[in-house]
>>> print(open('final_15.csv').read())   # CSV, C-alpha atoms and all ligand atoms
chain,number,residue,atom,x,y,z
A,284,MET,CA,-2.3,-29.5,28.3
A,285,PRO,CA,-4.6,-26.9,26.7
A,286,GLY,CA,-2.0,-24.5,25.2
A,287,TRP,CA,-3.1,-21.0,24.5
A,288,ILE,CA,-4.1,-20.2,20.9
A,289,CYS,CA,-4.0,-16.6,19.5
A,290,ARG,CA,-7.3,-15.8,17.9
A,291,THR,CA,-5.8,-13.6,15.2
A,292,CYS,CA,-3.0,-15.9,13.8
A,293,GLY,CA,-4.1,-19.2,15.2
A,294,VAL,CA,-0.7,-20.1,16.6
A,295,GLN,CA,-0.6,-22.2,19.7
A,296,TYR,CA,1.6,-21.2,22.7
A,297,PRO,CA,2.5,-23.4,25.7
A,298,ASP,CA,0.2,-24.1,28.6
A,299,THR,CA,1.2,-21.5,31.1
A,300,GLY,CA,-1.8,-21.2,33.4
A,301,GLN,CA,-2.4,-17.6,32.4
A,302,PRO,CA,-2.3,-16.7,28.7
A,303,PRO,CA,0.8,-14.9,27.4
A,304,GLY,CA,0.7,-11.1,27.5
A,305,ALA,CA,1.0,-10.7,23.8
A,306,CYS,CA,1.4,-12.7,20.6
A,307,ALA,CA,4.9,-12.1,19.2
A,308,ILE,CA,3.7,-13.1,15.7
A,309,CYS,CA,0.8,-10.7,15.6
A,310,LEU,CA,2.9,-7.8,17.0
A,311,ASP,CA,5.3,-8.2,14.1
A,312,GLU,CA,4.6,-5.7,11.2
A,313,ARG,CA,3.6,-8.6,9.0
A,314,GLN,CA,0.5,-9.3,11.2
A,315,TYR,CA,-1.8,-7.2,13.3
A,316,VAL,CA,-3.8,-7.2,16.5
A,317,GLY,CA,-7.6,-7.0,16.1
A,318,TRP,CA,-10.0,-4.3,17.3
A,319,GLY,CA,-10.7,-6.3,20.5
A,320,GLY,CA,-7.0,-6.4,21.5
A,321,GLN,CA,-5.1,-9.6,22.0
A,322,GLN,CA,-7.5,-12.5,22.5
A,323,TRP,CA,-6.8,-16.1,23.3
A,324,THR,CA,-8.7,-19.4,23.1
A,325,THR,CA,-7.9,-23.1,23.5
A,326,MET,CA,-8.4,-26.2,21.4
A,327,THR,CA,-11.2,-27.3,23.7
A,328,GLU,CA,-13.0,-24.1,23.2
A,329,LEU,CA,-12.5,-24.1,19.4
A,330,GLY,CA,-13.8,-27.7,19.2
A,331,GLN,CA,-17.2,-26.6,20.7
A,332,ASP,CA,-18.3,-24.8,17.5
A,333,ARG,CA,-15.8,-25.8,14.9
A,334,GLN,CA,-14.6,-29.0,13.2
A,335,VAL,CA,-11.7,-30.2,11.2
A,336,VAL,CA,-12.6,-31.0,7.6
A,337,ILE,CA,-10.4,-33.3,5.5
A,338,ARG,CA,-11.0,-33.5,1.7
A,339,GLU,CA,-9.0,-35.1,-1.1
A,340,GLU,CA,-7.4,-32.6,-3.4
A,341,GLU,CA,-6.0,-35.2,-5.7
A,342,PRO,CA,-4.9,-38.8,-5.2
A,343,GLY,CA,-2.3,-38.8,-2.4
A,344,LEU,CA,-3.1,-35.3,-1.3
A,345,SER,CA,-5.7,-34.3,1.2
A,346,GLY,CA,-6.6,-30.8,2.4
A,347,VAL,CA,-7.0,-30.3,6.2
A,348,GLY,CA,-9.0,-27.2,7.2
A,349,VAL,CA,-11.2,-25.9,10.0
A,350,GLU,CA,-14.9,-25.0,9.5
A,351,PRO,CA,-16.2,-22.4,10.2
A,352,ALA,CA,-12.8,-20.8,9.3
A,353,PHE,CA,-10.6,-19.7,12.2
A,354,ALA,CA,-7.9,-17.0,12.4
A,355,ILE,CA,-6.1,-16.8,9.0
A,356,GLY,CA,-8.3,-19.5,7.6
A,357,GLN,CA,-5.6,-21.6,5.9
A,358,ARG,CA,-6.0,-25.2,5.0
A,359,ALA,CA,-3.1,-27.6,5.6
A,360,LEU,CA,-2.2,-30.5,3.2
A,361,LEU,CA,-1.4,-34.1,4.0
A,362,VAL,CA,0.9,-35.6,1.4
A,363,CYS,CA,0.7,-39.4,1.4
A,364,THR,CA,3.7,-41.3,-0.1
A,365,PRO,CA,4.8,-44.9,0.0
A,366,HIS,CA,7.7,-43.8,2.2
A,367,GLY,CA,5.7,-41.8,4.8
A,368,ASN,CA,3.3,-38.9,5.1
A,369,VAL,CA,4.0,-35.2,5.5
A,370,LEU,CA,1.6,-32.6,6.9
A,371,TRP,CA,2.4,-29.4,5.1
A,372,ASP,CA,1.4,-26.4,7.2
A,373,CYS,CA,-1.0,-26.8,10.1
A,374,VAL,CA,-4.3,-25.6,11.6
A,375,SER,CA,-5.3,-24.8,15.2
A,376,LEU,CA,-7.7,-27.6,15.8
A,377,LEU,CA,-7.3,-31.4,16.0
A,378,ASP,CA,-10.5,-33.1,17.0
A,379,ASP,CA,-11.2,-36.8,17.5
A,380,ALA,CA,-12.8,-37.3,14.1
A,381,ALA,CA,-9.8,-35.8,12.3
A,382,ARG,CA,-7.4,-37.8,14.5
A,383,ALA,CA,-9.1,-41.0,13.3
A,384,GLN,CA,-9.3,-39.8,9.7
A,385,LEU,CA,-5.6,-38.9,9.6
A,386,ALA,CA,-4.7,-42.2,11.2
A,387,GLY,CA,-6.7,-43.9,8.5
A,388,LEU,CA,-4.6,-42.1,5.9
A,389,GLY,CA,-1.5,-43.5,7.5
A,390,GLY,CA,-0.8,-40.8,10.1
A,391,ILE,CA,1.9,-38.1,10.0
A,392,ASP,CA,5.6,-38.8,9.9
A,393,ALA,CA,6.8,-35.2,9.6
A,394,ILE,CA,5.3,-31.7,9.7
A,395,CYS,CA,6.8,-29.1,7.5
A,396,LEU,CA,5.7,-25.4,7.7
A,397,SER,CA,5.8,-22.7,5.1
A,398,HIS,CA,6.2,-19.9,7.6
A,399,PRO,CA,5.3,-19.0,11.2
A,400,HIS,CA,1.7,-17.7,10.5
A,401,PHE,CA,0.8,-21.3,9.7
A,402,TYR,CA,2.5,-23.0,12.7
A,403,GLY,CA,-1.0,-23.5,14.2
A,404,ALA,CA,-1.1,-26.4,16.7
A,405,SER,CA,1.8,-28.2,15.0
A,406,VAL,CA,3.3,-29.5,18.3
A,407,GLU,CA,-0.1,-31.0,19.3
A,408,PHE,CA,-0.4,-32.7,15.9
A,409,ALA,CA,3.2,-33.9,16.2
A,410,ASP,CA,2.6,-35.3,19.7
A,411,ALA,CA,-0.6,-37.1,18.5
A,412,PHE,CA,1.2,-38.9,15.6
A,413,GLY,CA,4.8,-39.1,16.9
A,414,ALA,CA,5.9,-36.8,14.0
A,415,ARG,CA,9.0,-34.7,13.6
A,416,ILE,CA,8.6,-30.9,12.9
A,417,LEU,CA,11.0,-29.3,10.5
A,418,ILE,CA,11.6,-25.6,10.8
A,419,PRO,CA,14.3,-23.5,9.0
A,420,ARG,CA,17.0,-22.3,11.4
A,421,ALA,CA,16.4,-18.8,10.0
A,422,ASP,CA,12.9,-18.7,11.6
A,423,GLU,CA,13.9,-20.3,14.9
A,424,GLN,CA,13.1,-17.0,16.7
A,425,TRP,CA,9.4,-17.4,15.7
A,426,ILE,CA,8.9,-20.8,17.4
A,427,GLN,CA,6.3,-20.0,20.1
A,428,ARG,CA,5.8,-23.5,21.5
A,429,PRO,CA,9.1,-25.3,21.9
A,430,SER,CA,9.2,-29.1,21.6
A,431,PRO,CA,11.8,-31.8,21.4
A,432,ARG,CA,10.1,-32.8,18.2
A,433,ILE,CA,11.3,-29.7,16.4
A,434,GLU,CA,14.4,-30.1,14.2
A,435,LEU,CA,16.0,-27.1,12.6
A,436,PHE,CA,17.4,-27.2,9.0
A,437,ASP,CA,19.3,-24.7,6.9
A,438,ASP,CA,18.3,-24.6,3.2
A,439,GLU,CA,17.0,-28.0,2.3
A,440,ALA,CA,15.7,-31.1,4.0
A,441,GLU,CA,14.1,-34.4,3.0
A,442,PRO,CA,11.2,-35.0,5.5
A,443,VAL,CA,10.5,-38.4,3.9
A,444,PRO,CA,12.3,-40.0,1.0
A,445,GLY,CA,11.2,-38.4,-2.3
A,446,LEU,CA,9.9,-35.0,-0.9
A,447,THR,CA,12.1,-31.9,-0.7
A,448,LEU,CA,11.6,-29.1,1.7
A,449,ALA,CA,13.4,-26.0,0.6
A,450,ARG,CA,13.9,-22.6,2.2
A,451,ILE,CA,13.3,-19.9,-0.4
A,452,GLY,CA,12.9,-16.8,1.9
A,453,GLY,CA,10.9,-13.7,1.1
A,454,HIS,CA,7.8,-13.5,3.3
A,455,PHE,CA,10.0,-14.7,6.1
A,456,ASP,CA,13.7,-15.5,6.0
A,457,GLY,CA,12.8,-19.1,6.6
A,458,ALA,CA,9.8,-19.2,4.3
A,459,ALA,CA,9.7,-22.6,2.6
A,460,VAL,CA,8.1,-24.7,0.0
A,461,LEU,CA,7.6,-28.5,-0.3
A,462,HIS,CA,8.2,-30.2,-3.6
A,463,TRP,CA,6.2,-33.4,-4.3
A,464,PRO,CA,7.4,-34.9,-7.6
A,465,ALA,CA,4.6,-37.5,-7.8
A,466,GLY,CA,1.9,-34.8,-7.6
A,467,SER,CA,-0.3,-33.8,-10.5
A,468,GLY,CA,-0.1,-37.2,-12.1
A,469,GLY,CA,3.7,-37.4,-11.9
A,470,ARG,CA,4.2,-33.9,-13.4
A,471,GLY,CA,5.0,-32.6,-9.9
A,472,ALA,CA,3.4,-30.2,-7.4
A,473,LEU,CA,4.8,-27.4,-5.3
A,474,LEU,CA,3.2,-26.7,-2.0
A,475,THR,CA,3.7,-23.1,-1.1
A,476,GLY,CA,1.4,-21.8,1.7
A,477,ASP,CA,1.8,-18.1,1.0
A,478,THR,CA,5.6,-18.2,0.6
A,479,ILE,CA,4.5,-18.1,-3.1
A,480,THR,CA,0.8,-17.2,-2.9
A,481,VAL,CA,-1.7,-18.3,-5.5
A,482,VAL,CA,-3.8,-15.3,-6.2
A,483,ALA,CA,-7.5,-15.0,-7.3
A,484,ASP,CA,-6.5,-15.2,-11.0
A,485,ARG,CA,-5.2,-18.7,-10.6
A,486,ASP,CA,-2.8,-18.6,-13.6
A,487,TRP,CA,-0.7,-16.3,-11.4
A,488,VAL,CA,1.0,-16.1,-8.0
A,489,SER,CA,2.4,-13.3,-5.9
A,490,PHE,CA,5.0,-12.6,-3.2
A,491,MET,CA,4.7,-10.3,-0.3
A,492,TRP,CA,6.5,-9.3,2.9
A,493,SER,CA,3.0,-8.8,4.5
A,494,TYR,CA,-0.3,-9.9,3.1
A,495,PRO,CA,-2.7,-8.3,5.6
A,496,ASN,CA,-0.8,-5.0,5.6
A,497,LEU,CA,0.1,-5.1,1.9
A,498,ILE,CA,3.9,-4.6,2.2
A,499,PRO,CA,5.7,-5.7,-1.0
A,500,LEU,CA,9.0,-7.4,-1.4
A,501,ASP,CA,12.0,-5.9,-3.3
A,502,GLU,CA,13.1,-6.9,-6.8
A,503,ALA,CA,16.2,-8.9,-5.7
A,504,THR,CA,14.2,-11.0,-3.3
A,505,VAL,CA,11.3,-11.8,-5.8
A,506,LEU,CA,13.9,-12.8,-8.4
A,507,ASP,CA,15.7,-15.0,-5.9
A,508,ILE,CA,12.5,-16.8,-4.9
A,509,ALA,CA,11.7,-17.5,-8.6
A,510,ARG,CA,15.3,-18.7,-9.1
A,511,ARG,CA,15.3,-21.0,-6.1
A,512,VAL,CA,12.3,-23.0,-7.3
A,513,GLU,CA,13.6,-23.4,-10.9
A,514,ARG,CA,15.4,-26.6,-9.8
A,515,PHE,CA,12.0,-28.3,-9.2
A,516,ALA,CA,9.8,-29.7,-11.9
A,517,PHE,CA,6.2,-28.9,-11.1
A,518,ASP,CA,2.9,-28.5,-12.9
A,519,ARG,CA,0.6,-27.6,-10.0
A,520,VAL,CA,1.0,-25.0,-7.2
A,521,TYR,CA,-1.0,-25.5,-4.1
A,522,GLY,CA,-1.4,-22.2,-2.1
A,523,GLY,CA,-2.5,-22.0,1.5
A,524,TRP,CA,-6.3,-21.9,1.1
A,525,TRP,CA,-9.0,-24.1,-0.4
A,526,GLY,CA,-9.2,-23.4,-4.1
A,527,ARG,CA,-6.0,-21.5,-4.3
A,528,ILE,CA,-4.3,-23.8,-6.9
A,529,VAL,CA,-2.5,-23.2,-10.1
A,530,VAL,CA,-3.8,-26.3,-11.8
A,531,SER,CA,-1.2,-26.6,-14.5
A,532,ASP,CA,2.0,-25.1,-15.9
A,533,GLY,CA,2.8,-23.8,-12.4
A,534,ALA,CA,6.5,-23.4,-13.0
A,535,ALA,CA,5.8,-20.9,-15.9
A,536,ALA,CA,3.2,-19.2,-13.7
A,537,VAL,CA,5.8,-18.5,-11.0
A,538,ARG,CA,8.3,-17.2,-13.6
A,539,ARG,CA,5.9,-14.8,-15.4
A,540,SER,CA,4.5,-13.6,-12.1
A,541,ALA,CA,7.9,-12.8,-10.8
A,542,ASP,CA,8.7,-11.0,-14.0
A,543,ARG,CA,5.4,-9.0,-13.8
A,544,TYR,CA,6.0,-8.1,-10.2
A,545,VAL,CA,9.5,-6.7,-11.0
A,546,ALA,CA,8.2,-4.9,-14.0
A,547,ARG,CA,5.7,-3.1,-11.9
A,548,LEU,CA,8.3,-2.3,-9.2
A,549,ASN,CA,10.2,-0.6,-12.1
A,550,GLY,CA,7.3,1.5,-13.3
A,551,GLU,CA,6.4,-0.6,-16.3
A,552,ARG,CA,2.6,-0.9,-17.0
A,553,PRO,CA,0.7,-3.0,-19.5
B,601,ZN,ZN,-1.1,-14.1,16.9
>>> encode(input="final_15.csv", output="structure tokens", more="lines below")
Ligand SMILES: [Zn+2]
Amino acid sequence: MPGWICRTCGVQYPDTGQPPGACAICLDERQYVGWGGQQWTTMTELGQDRQVVIREEEPGLSGVGVEPAFAIGQRALLVCTPHGNVLWDCVSLLDDAARAQLAGLGGIDAICLSHPHFYGASVEFADAFGARILIPRADEQWIQRPSPRIELFDDEAEPVPGLTLARIGGHFDGAAVLHWPAGSGGRGALLTGDTITVVADRDWVSFMWSYPNLIPLDEATVLDIARRVERFAFDRVYGGWWGRIVVSDGAAAVRRSADRYVARLNGERP
């Protein structure tokens, strides 16, 4: 089963003989179609000049990326716990070396996704490790490759005991975060993809309807995102790319970033 992969967003579609006519995710106003028009590849083709890289971010947490970077270029995260492992977000390639490395880390029990741009080849990862895939019901329409492994949830789910997957909305109605209380030496970590994006100044985060097209969110939604993560204790925030990490005092960074964002929306400048 090759499964067609969109070259712009990296999301895998079913194996249909001929590639789909268009990528619904890239036609949405939050994404775009490149100069060359809609282009497709397969995992076999990707594996010819790219590889999966897996690097420890901190004890119990490994980054999973693709090099050279492909499509949006995100790196996923594998959270290893005594009660099971969760792959947070996904990439478009799973090669033999990564399969062996991930198995060595204990495999994958559940795959949780921040939002549709990072669905990648999640069904293929789930099939390889017998994992469940948890997707918010609010984003059901964005599932491009159906699978019996996909389970829908409403606002909160526990993919393995001790981890909390929470829908907080914003970038997508179903945009989610994963709370890992044992992260950052027991002070807690919040894994956000770009539901809450860690910006270049890593003491800050931001929130957008579209990142490539720079479409902001409204005041009520930004404040709601900040409010919805207040129930979690976390020191560190892991964004969706290598190095995009608020290393400490992450909860305060989310709060002050939401306040700054709303201040700018209301015309206040420093
Ligand atoms: Zn696409």
>>> residues_near_ligand(input="final_15.csv", ligand="ligand ZN 601 (chain B)", cutoff="8 Å", atoms="only C-alpha atoms and all ligand atoms", output="VMD selection string")
chain A and resid 288 to 294 305 to 310 314 to 316 321 400
>>> write_last_selection(input="final_15.csv", atoms="C-alpha atoms", output="PDB file, in the frame of the given file")
ATOM      1  CA  ILE A 288      -4.100 -20.200  20.900  1.00  0.00           C
ATOM      2  CA  CYS A 289      -4.000 -16.600  19.500  1.00  0.00           C
ATOM      3  CA  ARG A 290      -7.300 -15.800  17.900  1.00  0.00           C
ATOM      4  CA  THR A 291      -5.800 -13.600  15.200  1.00  0.00           C
ATOM      5  CA  CYS A 292      -3.000 -15.900  13.800  1.00  0.00           C
ATOM      6  CA  GLY A 293      -4.100 -19.200  15.200  1.00  0.00           C
ATOM      7  CA  VAL A 294      -0.700 -20.100  16.600  1.00  0.00           C
ATOM      8  CA  ALA A 305       1.000 -10.700  23.800  1.00  0.00           C
ATOM      9  CA  CYS A 306       1.400 -12.700  20.600  1.00  0.00           C
ATOM     10  CA  ALA A 307       4.900 -12.100  19.200  1.00  0.00           C
ATOM     11  CA  ILE A 308       3.700 -13.100  15.700  1.00  0.00           C
ATOM     12  CA  CYS A 309       0.800 -10.700  15.600  1.00  0.00           C
ATOM     13  CA  LEU A 310       2.900  -7.800  17.000  1.00  0.00           C
ATOM     14  CA  GLN A 314       0.500  -9.300  11.200  1.00  0.00           C
ATOM     15  CA  TYR A 315      -1.800  -7.200  13.300  1.00  0.00           C
ATOM     16  CA  VAL A 316      -3.800  -7.200  16.500  1.00  0.00           C
ATOM     17  CA  GLN A 321      -5.100  -9.600  22.000  1.00  0.00           C
ATOM     18  CA  HIS A 400       1.700 -17.700  10.500  1.00  0.00           C
TER      19      HIS A 400
END
>>> closest_residue(input="final_15.csv", among="A:Glu407, A:Arg338, A:Ala352, A:Gly346", to="Asp298 in chain A", atoms="all atoms listed in the file")
A:Glu407
>>> atom_distance(input="final_15.csv", atom1="CA of Phe408 in chain A", atom2="CA of Leu385 in chain A")
10.3 Å
>>> closest_residue(input="final_15.csv", among="A:Ala509, A:Ala516, A:Met491, A:Ile479", to="Ile528 in chain A", atoms="all atoms listed in the file")
A:Ile479
>>> atom_distance(input="final_15.csv", atom1="CA of Arg485 in chain A", atom2="CA of Gln357 in chain A")
16.8 Å
>>> atom_distance(input="final_15.csv", atom1="CA of Arg358 in chain A", atom2="CA of Arg514 in chain A")
26.1 Å
>>> closest_residue(input="final_15.csv", among="A:Val482, A:Val505, A:Ala409, A:Leu473", to="Gly453 in chain A", atoms="all atoms listed in the file")
A:Val505
>>> closest_residue(input="final_15.csv", among="A:Gln427, A:Asn496, A:Ser397, A:Gln301", to="Arg450 in chain A", atoms="all atoms listed in the file")
A:Ser397
>>> residues_around(input="final_15.csv", residues="Val537 in chain A", least_positions_apart="3", cutoff="12 Å", atoms="all atoms listed in the file", output="VMD selection string")
chain A and resid 473 475 478 to 482 485 to 490 505 to 513 515 to 521 529 531 to 534 540 to 544
>>> closest_residue(input="final_15.csv", among="A:Gln295, A:Ile337, A:Ala483, A:Asp410", to="Trp425 in chain A", atoms="all atoms listed in the file")
A:Gln295
>>> residues_around(input="final_15.csv", residues="Glu423 in chain A", least_positions_apart="5", cutoff="9 Å", atoms="only C-alpha atoms", output="list of chain:residue names")
A:Ile418, A:Leu435, A:Gly457
>>> closest_residue(input="final_15.csv", among="A:Ser345, A:Gly468, A:Asp422, A:Pro399", to="Gln384 in chain A", atoms="all atoms listed in the file")
A:Ser345
